[in-house]
Structures are given as C-alpha cells and as structure tokens.
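Q: Once you've had a glance at the structure underneath, I'll fire off some questions.
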Amino acid sequence: MEQQEVAEHIKASLEAVLQREVVGLNADSRLFEDLSLDSMSVLELLLTLEDTIGLEIDPDELDAEVFRSFGSLSDYVAGQLRKAA
C-alpha cells in the first residue's frame with residue numbers, strides 16, 4: 001500500500017473515530033492538540049486501522065512519538081505494512 005493510500009485510510013479512520021469531517025489535515029497536524037484525540041480515541045483509532053487495513057499493531061512498539069502528528073502516524077503505519085508484506 002502506497003503512503004498516500006495509508007494517509008487516506010488514516011484520515012477516514014480519524015473521521016470515523018472523531019465522528020466529524022477532518023479538514024485541513026496535513027503531515028504536521030498534531031493528533032492531540034489539533035484534532036483533540038485522547039487516549040480512548042487513540043485506542044479506537046488503532047482498532048479501526050486494524051480492521052480496515054489488516055494492520056497488526058504491537059503495543060510494545062508504540063511510543064508517544066508515533067502519535068505526535070498525522071505524518072508520524074502515517075509513517076509508522078506504512079512501515080508496519082511494509083514489514084508485514
């Protein structure tokens with residue numbers, strides 16, 4: 001899956017979790033500060049991503065840096081998908 005496709009899946013998952021349209025999203029958009037994610041919505045986001053793109057997430061690999069921004073999350077997800085391929 002290409003990086004752009006990953007970003008589109010994450011955006012759709014964010015919109016589902018937040019139950020609103022996410023506009024103006026870019027790589028520097030901060031998940032907690034700009035999009036108002038909290039710990040529960042992060043868990044829901046991860047579960048949604050697992051369901052929609054078949055991503056298996058190892059909680060031991062997750063750190064705060066993964067959730068710093070939309071770009072960092074996209075990079076992490078794309079990297080995990082490459083590892084699985």
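By convention in this document, the chains of the structure tokens carry letters A, B, ... by their order, each chain's residues are numbered from 1, and ligands are numbered from 1 in the order they are shown.
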Would you please extract all alpha helix (DSSP H) residues from chain A, as assigned by DSSP on the backbone, and give them as a compact mmCIF listing (two decimals) with all heavy atoms, in the first residue's frame?
A:
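Result went into out-v5.txt, see below:
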# COMPACT_ATOMS: atom_id res chain seq x y z
N GLN A 3 2.06 5.23 0.41
CA GLN A 3 1.96 6.18 1.51
C GLN A 3 0.67 7.00 1.42
O GLN A 3 0.02 7.23 2.44
CB GLN A 3 3.18 7.10 1.50
CG GLN A 3 3.26 8.04 2.68
CD GLN A 3 3.76 7.39 3.94
OE1 GLN A 3 4.43 6.35 3.88
NE2 GLN A 3 3.46 7.97 5.08
N GLN A 4 0.30 7.42 0.21
CA GLN A 4 -0.93 8.21 0.04
C GLN A 4 -2.17 7.42 0.43
O GLN A 4 -3.08 7.95 1.06
CB GLN A 4 -1.04 8.71 -1.41
CG GLN A 4 -2.25 9.59 -1.66
CD GLN A 4 -2.24 10.88 -0.84
OE1 GLN A 4 -1.19 11.44 -0.57
NE2 GLN A 4 -3.41 11.32 -0.45
N GLU A 5 -2.20 6.14 0.07
CA GLU A 5 -3.33 5.28 0.45
C GLU A 5 -3.39 5.12 1.96
O GLU A 5 -4.48 5.13 2.54
CB GLU A 5 -3.20 3.90 -0.19
CG GLU A 5 -3.49 3.85 -1.66
CD GLU A 5 -3.30 2.44 -2.18
OE1 GLU A 5 -2.14 2.05 -2.40
OE2 GLU A 5 -4.33 1.74 -2.36
N VAL A 6 -2.24 4.95 2.58
CA VAL A 6 -2.18 4.84 4.04
C VAL A 6 -2.76 6.10 4.67
O VAL A 6 -3.59 6.04 5.58
CB VAL A 6 -0.72 4.60 4.52
CG1 VAL A 6 -0.61 4.75 6.02
CG2 VAL A 6 -0.23 3.24 4.06
N ALA A 7 -2.34 7.26 4.17
CA ALA A 7 -2.83 8.53 4.71
C ALA A 7 -4.34 8.65 4.55
O ALA A 7 -5.03 9.12 5.47
CB ALA A 7 -2.11 9.69 4.02
N GLU A 8 -4.86 8.21 3.42
CA GLU A 8 -6.31 8.27 3.19
C GLU A 8 -7.06 7.35 4.16
O GLU A 8 -8.12 7.73 4.68
CB GLU A 8 -6.63 7.91 1.75
CG GLU A 8 -6.19 8.97 0.76
CD GLU A 8 -6.29 8.53 -0.69
OE1 GLU A 8 -6.88 7.46 -0.97
OE2 GLU A 8 -5.76 9.25 -1.55
N HIS A 9 -6.53 6.17 4.41
CA HIS A 9 -7.15 5.25 5.38
C HIS A 9 -7.12 5.85 6.78
O HIS A 9 -8.10 5.73 7.53
CB HIS A 9 -6.44 3.89 5.38
CG HIS A 9 -6.89 2.99 4.27
ND1 HIS A 9 -8.11 2.36 4.27
CD2 HIS A 9 -6.27 2.61 3.14
CE1 HIS A 9 -8.22 1.63 3.18
NE2 HIS A 9 -7.12 1.77 2.47
N ILE A 10 -6.00 6.44 7.16
CA ILE A 10 -5.91 7.04 8.49
C ILE A 10 -6.89 8.20 8.61
O ILE A 10 -7.57 8.34 9.63
CB ILE A 10 -4.46 7.48 8.79
CG1 ILE A 10 -3.56 6.24 8.88
CG2 ILE A 10 -4.41 8.28 10.09
CD1 ILE A 10 -2.09 6.56 8.99
N LYS A 11 -6.98 9.03 7.58
CA LYS A 11 -7.92 10.15 7.61
C LYS A 11 -9.35 9.65 7.77
O LYS A 11 -10.11 10.16 8.60
CB LYS A 11 -7.80 11.00 6.35
CG LYS A 11 -8.73 12.21 6.35
CD LYS A 11 -8.57 13.04 5.09
CE LYS A 11 -9.37 14.32 5.18
NZ LYS A 11 -10.71 14.24 4.69
N ALA A 12 -9.72 8.64 7.00
CA ALA A 12 -11.07 8.08 7.11
C ALA A 12 -11.31 7.50 8.50
O ALA A 12 -12.39 7.67 9.08
CB ALA A 12 -11.29 7.02 6.04
N SER A 13 -10.31 6.84 9.05
CA SER A 13 -10.43 6.27 10.40
C SER A 13 -10.55 7.37 11.44
O SER A 13 -11.34 7.26 12.39
CB SER A 13 -9.23 5.37 10.70
OG SER A 13 -9.22 4.26 9.84
N LEU A 14 -9.78 8.44 11.28
CA LEU A 14 -9.88 9.57 12.19
C LEU A 14 -11.28 10.17 12.16
O LEU A 14 -11.86 10.48 13.21
CB LEU A 14 -8.85 10.65 11.83
CG LEU A 14 -7.43 10.42 12.29
CD1 LEU A 14 -6.48 11.40 11.61
CD2 LEU A 14 -7.33 10.57 13.81
N GLU A 15 -11.82 10.33 10.96
CA GLU A 15 -13.16 10.89 10.83
C GLU A 15 -14.21 9.99 11.48
O GLU A 15 -15.15 10.47 12.13
CB GLU A 15 -13.48 11.16 9.36
CG GLU A 15 -12.67 12.30 8.80
CD GLU A 15 -12.90 12.57 7.33
OE1 GLU A 15 -13.38 11.66 6.60
OE2 GLU A 15 -12.57 13.69 6.91
N ALA A 16 -14.04 8.68 11.36
CA ALA A 16 -14.97 7.74 11.98
C ALA A 16 -14.87 7.82 13.50
O ALA A 16 -15.90 7.86 14.20
CB ALA A 16 -14.69 6.33 11.50
N VAL A 17 -13.66 7.88 14.01
CA VAL A 17 -13.45 7.92 15.46
C VAL A 17 -13.94 9.25 16.04
O VAL A 17 -14.61 9.27 17.08
CB VAL A 17 -11.96 7.69 15.80
CG1 VAL A 17 -11.65 8.04 17.24
CG2 VAL A 17 -11.57 6.25 15.50
N LEU A 18 -13.62 10.33 15.37
CA LEU A 18 -13.99 11.66 15.87
C LEU A 18 -15.44 12.02 15.54
O LEU A 18 -15.96 12.99 16.06
CB LEU A 18 -13.05 12.72 15.29
CG LEU A 18 -11.59 12.59 15.71
CD1 LEU A 18 -10.73 13.56 14.91
CD2 LEU A 18 -11.44 12.85 17.21
N SER A 39 -6.72 9.48 24.91
CA SER A 39 -6.24 8.10 24.98
C SER A 39 -7.29 7.09 24.50
O SER A 39 -6.95 6.11 23.84
CB SER A 39 -5.77 7.75 26.39
OG SER A 39 -6.83 7.94 27.32
N MET A 40 -8.56 7.33 24.80
CA MET A 40 -9.61 6.40 24.35
C MET A 40 -9.78 6.46 22.84
O MET A 40 -9.95 5.43 22.20
CB MET A 40 -10.94 6.72 25.05
CG MET A 40 -10.93 6.38 26.53
SD MET A 40 -10.54 4.64 26.84
CE MET A 40 -11.97 3.85 26.17
N SER A 41 -9.72 7.65 22.27
CA SER A 41 -9.88 7.76 20.83
C SER A 41 -8.68 7.18 20.09
O SER A 41 -8.82 6.67 18.98
CB SER A 41 -10.18 9.19 20.40
OG SER A 41 -9.22 10.09 20.86
N VAL A 42 -7.49 7.23 20.71
CA VAL A 42 -6.32 6.60 20.10
C VAL A 42 -6.52 5.09 20.02
O VAL A 42 -6.25 4.47 18.99
CB VAL A 42 -5.03 6.94 20.88
CG1 VAL A 42 -3.88 6.03 20.48
CG2 VAL A 42 -4.65 8.39 20.65
N LEU A 43 -7.02 4.51 21.08
CA LEU A 43 -7.29 3.06 21.07
C LEU A 43 -8.33 2.71 20.00
O LEU A 43 -8.16 1.74 19.26
CB LEU A 43 -7.78 2.60 22.44
CG LEU A 43 -6.75 2.60 23.55
CD1 LEU A 43 -7.41 2.25 24.88
CD2 LEU A 43 -5.63 1.63 23.25
N GLU A 44 -9.37 3.51 19.92
CA GLU A 44 -10.40 3.27 18.91
C GLU A 44 -9.82 3.43 17.50
O GLU A 44 -10.14 2.65 16.60
CB GLU A 44 -11.56 4.25 19.12
CG GLU A 44 -12.77 3.92 18.31
CD GLU A 44 -13.95 4.83 18.62
OE1 GLU A 44 -13.96 5.51 19.66
OE2 GLU A 44 -14.87 4.84 17.79
N LEU A 45 -8.96 4.42 17.33
CA LEU A 45 -8.31 4.62 16.04
C LEU A 45 -7.47 3.41 15.65
O LEU A 45 -7.53 2.93 14.53
CB LEU A 45 -7.44 5.88 16.08
CG LEU A 45 -6.59 6.17 14.84
CD1 LEU A 45 -7.46 6.41 13.62
CD2 LEU A 45 -5.68 7.37 15.11
N LEU A 46 -6.70 2.90 16.58
CA LEU A 46 -5.85 1.74 16.30
C LEU A 46 -6.70 0.52 15.94
O LEU A 46 -6.37 -0.22 15.01
CB LEU A 46 -4.94 1.44 17.48
CG LEU A 46 -3.87 2.49 17.77
CD1 LEU A 46 -3.12 2.15 19.04
CD2 LEU A 46 -2.92 2.64 16.60
N LEU A 47 -7.78 0.30 16.66
CA LEU A 47 -8.66 -0.82 16.36
C LEU A 47 -9.30 -0.65 14.99
O LEU A 47 -9.43 -1.62 14.23
CB LEU A 47 -9.73 -0.96 17.44
CG LEU A 47 -9.23 -1.41 18.81
CD1 LEU A 47 -10.35 -1.32 19.84
CD2 LEU A 47 -8.66 -2.81 18.74
N THR A 48 -9.69 0.56 14.65
CA THR A 48 -10.28 0.83 13.35
C THR A 48 -9.27 0.55 12.25
O THR A 48 -9.60 -0.06 11.23
CB THR A 48 -10.78 2.29 13.28
OG1 THR A 48 -11.75 2.50 14.31
CG2 THR A 48 -11.41 2.59 11.93
N LEU A 49 -8.03 1.00 12.44
CA LEU A 49 -6.99 0.74 11.44
C LEU A 49 -6.72 -0.75 11.29
O LEU A 49 -6.52 -1.24 10.18
CB LEU A 49 -5.71 1.48 11.80
CG LEU A 49 -5.75 2.99 11.61
CD1 LEU A 49 -4.50 3.64 12.19
CD2 LEU A 49 -5.89 3.35 10.14
N GLU A 50 -6.71 -1.46 12.41
CA GLU A 50 -6.51 -2.91 12.33
C GLU A 50 -7.61 -3.55 11.49
O GLU A 50 -7.34 -4.43 10.68
CB GLU A 50 -6.48 -3.53 13.72
CG GLU A 50 -5.19 -3.28 14.47
CD GLU A 50 -5.15 -3.95 15.83
OE1 GLU A 50 -6.22 -4.29 16.39
OE2 GLU A 50 -4.04 -4.13 16.34
N ASP A 51 -8.84 -3.10 11.68
CA ASP A 51 -9.98 -3.68 10.95
C ASP A 51 -9.98 -3.29 9.48
O ASP A 51 -10.28 -4.12 8.62
CB ASP A 51 -11.30 -3.24 11.58
CG ASP A 51 -11.54 -3.91 12.92
OD1 ASP A 51 -10.87 -4.91 13.24
OD2 ASP A 51 -12.42 -3.41 13.66
N THR A 52 -9.66 -2.04 9.16
CA THR A 52 -9.82 -1.57 7.79
C THR A 52 -8.67 -1.93 6.87
O THR A 52 -8.88 -2.13 5.68
CB THR A 52 -10.05 -0.05 7.73
OG1 THR A 52 -8.94 0.62 8.32
CG2 THR A 52 -11.34 0.34 8.43
N ILE A 53 -7.45 -1.98 7.41
CA ILE A 53 -6.32 -2.28 6.52
C ILE A 53 -5.55 -3.53 6.94
O ILE A 53 -4.52 -3.84 6.38
CB ILE A 53 -5.34 -1.08 6.38
CG1 ILE A 53 -4.76 -0.66 7.72
CG2 ILE A 53 -6.00 0.07 5.69
CD1 ILE A 53 -3.74 0.46 7.60
N PHE A 70 -0.05 13.62 12.36
CA PHE A 70 -0.63 12.78 11.32
C PHE A 70 0.49 12.14 10.49
O PHE A 70 0.42 10.96 10.15
CB PHE A 70 -1.54 13.63 10.44
CG PHE A 70 -2.18 12.89 9.32
CD1 PHE A 70 -3.18 11.97 9.54
CD2 PHE A 70 -1.78 13.11 8.01
CE1 PHE A 70 -3.78 11.27 8.50
CE2 PHE A 70 -2.37 12.42 6.96
CZ PHE A 70 -3.37 11.50 7.21
N GLY A 71 1.53 12.90 10.20
CA GLY A 71 2.65 12.38 9.42
C GLY A 71 3.40 11.27 10.14
O GLY A 71 3.75 10.26 9.52
N SER A 72 3.64 11.43 11.43
CA SER A 72 4.37 10.39 12.17
C SER A 72 3.54 9.11 12.27
O SER A 72 4.08 8.01 12.16
CB SER A 72 4.79 10.88 13.55
OG SER A 72 3.67 11.20 14.35
N LEU A 73 2.23 9.25 12.43
CA LEU A 73 1.37 8.07 12.46
C LEU A 73 1.32 7.40 11.09
O LEU A 73 1.42 6.17 10.99
CB LEU A 73 -0.05 8.44 12.92
CG LEU A 73 -1.04 7.28 12.98
CD1 LEU A 73 -0.58 6.18 13.93
CD2 LEU A 73 -2.42 7.80 13.40
N SER A 74 1.23 8.20 10.04
CA SER A 74 1.23 7.65 8.67
C SER A 74 2.52 6.89 8.39
O SER A 74 2.51 5.81 7.81
CB SER A 74 1.05 8.76 7.65
OG SER A 74 -0.20 9.36 7.78
N ASP A 75 3.65 7.47 8.80
CA ASP A 75 4.94 6.81 8.61
C ASP A 75 5.01 5.49 9.36
O ASP A 75 5.49 4.49 8.83
CB ASP A 75 6.09 7.72 9.06
CG ASP A 75 6.29 8.92 8.15
OD1 ASP A 75 5.78 8.91 7.00
OD2 ASP A 75 6.97 9.87 8.58
N TYR A 76 4.52 5.49 10.60
CA TYR A 76 4.53 4.26 11.40
C TYR A 76 3.67 3.17 10.74
O TYR A 76 4.12 2.04 10.58
CB TYR A 76 4.02 4.54 12.81
CG TYR A 76 3.81 3.28 13.61
CD1 TYR A 76 4.89 2.62 14.19
CD2 TYR A 76 2.55 2.71 13.75
CE1 TYR A 76 4.72 1.45 14.90
CE2 TYR A 76 2.36 1.54 14.45
CZ TYR A 76 3.45 0.91 15.02
OH TYR A 76 3.27 -0.27 15.70
N VAL A 77 2.45 3.54 10.35
CA VAL A 77 1.55 2.56 9.74
C VAL A 77 2.13 2.03 8.43
O VAL A 77 2.14 0.82 8.19
CB VAL A 77 0.14 3.17 9.52
CG1 VAL A 77 -0.73 2.25 8.68
CG2 VAL A 77 -0.52 3.47 10.86
N ALA A 78 2.66 2.92 7.59
CA ALA A 78 3.27 2.48 6.33
C ALA A 78 4.45 1.55 6.60
O ALA A 78 4.61 0.53 5.91
CB ALA A 78 3.72 3.69 5.52
N GLY A 79 5.24 1.86 7.59
CA GLY A 79 6.38 1.00 7.95
C GLY A 79 5.92 -0.37 8.43
O GLY A 79 6.52 -1.39 8.06
N GLN A 80 4.87 -0.41 9.22
CA GLN A 80 4.35 -1.68 9.71
C GLN A 80 3.79 -2.52 8.56
O GLN A 80 3.97 -3.74 8.54
CB GLN A 80 3.25 -1.44 10.77
CG GLN A 80 3.77 -0.87 12.06
CD GLN A 80 4.80 -1.76 12.70
OE1 GLN A 80 5.99 -1.44 12.71
NE2 GLN A 80 4.39 -2.88 13.23
N LEU A 81 3.13 -1.88 7.62
CA LEU A 81 2.61 -2.61 6.47
C LEU A 81 3.73 -3.16 5.59
O LEU A 81 3.64 -4.26 5.07
CB LEU A 81 1.69 -1.71 5.64
CG LEU A 81 0.35 -1.37 6.29
CD1 LEU A 81 -0.37 -0.29 5.51
CD2 LEU A 81 -0.51 -2.61 6.42
N ARG A 82 4.82 -2.39 5.45
CA ARG A 82 5.97 -2.88 4.68
C ARG A 82 6.60 -4.09 5.37
O ARG A 82 6.99 -5.06 4.71
CB ARG A 82 7.01 -1.79 4.51
CG ARG A 82 6.68 -0.80 3.40
CD ARG A 82 7.85 0.11 3.07
NE ARG A 82 8.25 0.95 4.19
CZ ARG A 82 7.71 2.12 4.49
NH1 ARG A 82 6.73 2.61 3.75
NH2 ARG A 82 8.15 2.83 5.52
N LYS A 83 6.68 -4.06 6.68
CA LYS A 83 7.24 -5.20 7.43
C LYS A 83 6.40 -6.45 7.24
O LYS A 83 6.92 -7.55 7.14
CB LYS A 83 7.28 -4.88 8.94
CG LYS A 83 8.41 -4.00 9.36
CD LYS A 83 8.37 -3.85 10.86
CE LYS A 83 9.31 -2.82 11.38
NZ LYS A 83 9.20 -2.64 12.83
N ALA A 84 5.08 -6.26 7.19
CA ALA A 84 4.17 -7.39 7.07
C ALA A 84 4.15 -7.99 5.67
O ALA A 84 3.77 -9.14 5.49
CB ALA A 84 2.76 -6.97 7.47
Q: Hey, what's within 6 Å of region 29-35 of chain A if we count only C-alpha atoms and toss same-chain stuff fewer than 4 positions away? As a tab-separated table (two decimals) with N, CA, C and O atoms, in the first residue's frame, please?
A:
chain	number	residue	atom	x	y	z
A	25	LEU	N	-6.15	18.68	7.01
A	25	LEU	CA	-5.21	17.71	7.58
A	25	LEU	C	-3.94	17.66	6.74
A	25	LEU	O	-4.00	17.58	5.52
A	68	ARG	N	2.59	11.82	17.56
A	68	ARG	CA	2.92	13.25	17.58
A	68	ARG	C	2.12	14.00	16.53
A	68	ARG	O	1.58	15.07	16.79
A	69	SER	N	2.04	13.43	15.33
A	69	SER	CA	1.37	14.12	14.23
A	69	SER	C	0.76	13.09	13.27
A	69	SER	O	1.03	11.90	13.34
A	70	PHE	N	-0.05	13.62	12.36
A	70	PHE	CA	-0.63	12.78	11.32
A	70	PHE	C	0.49	12.14	10.49
A	70	PHE	O	0.42	10.96	10.15
Q: Take CA of Leu37 (chain A) and CA of Gly24 (chain A) and report the distance between them in Å, one decimal.
A: 15.8 Å
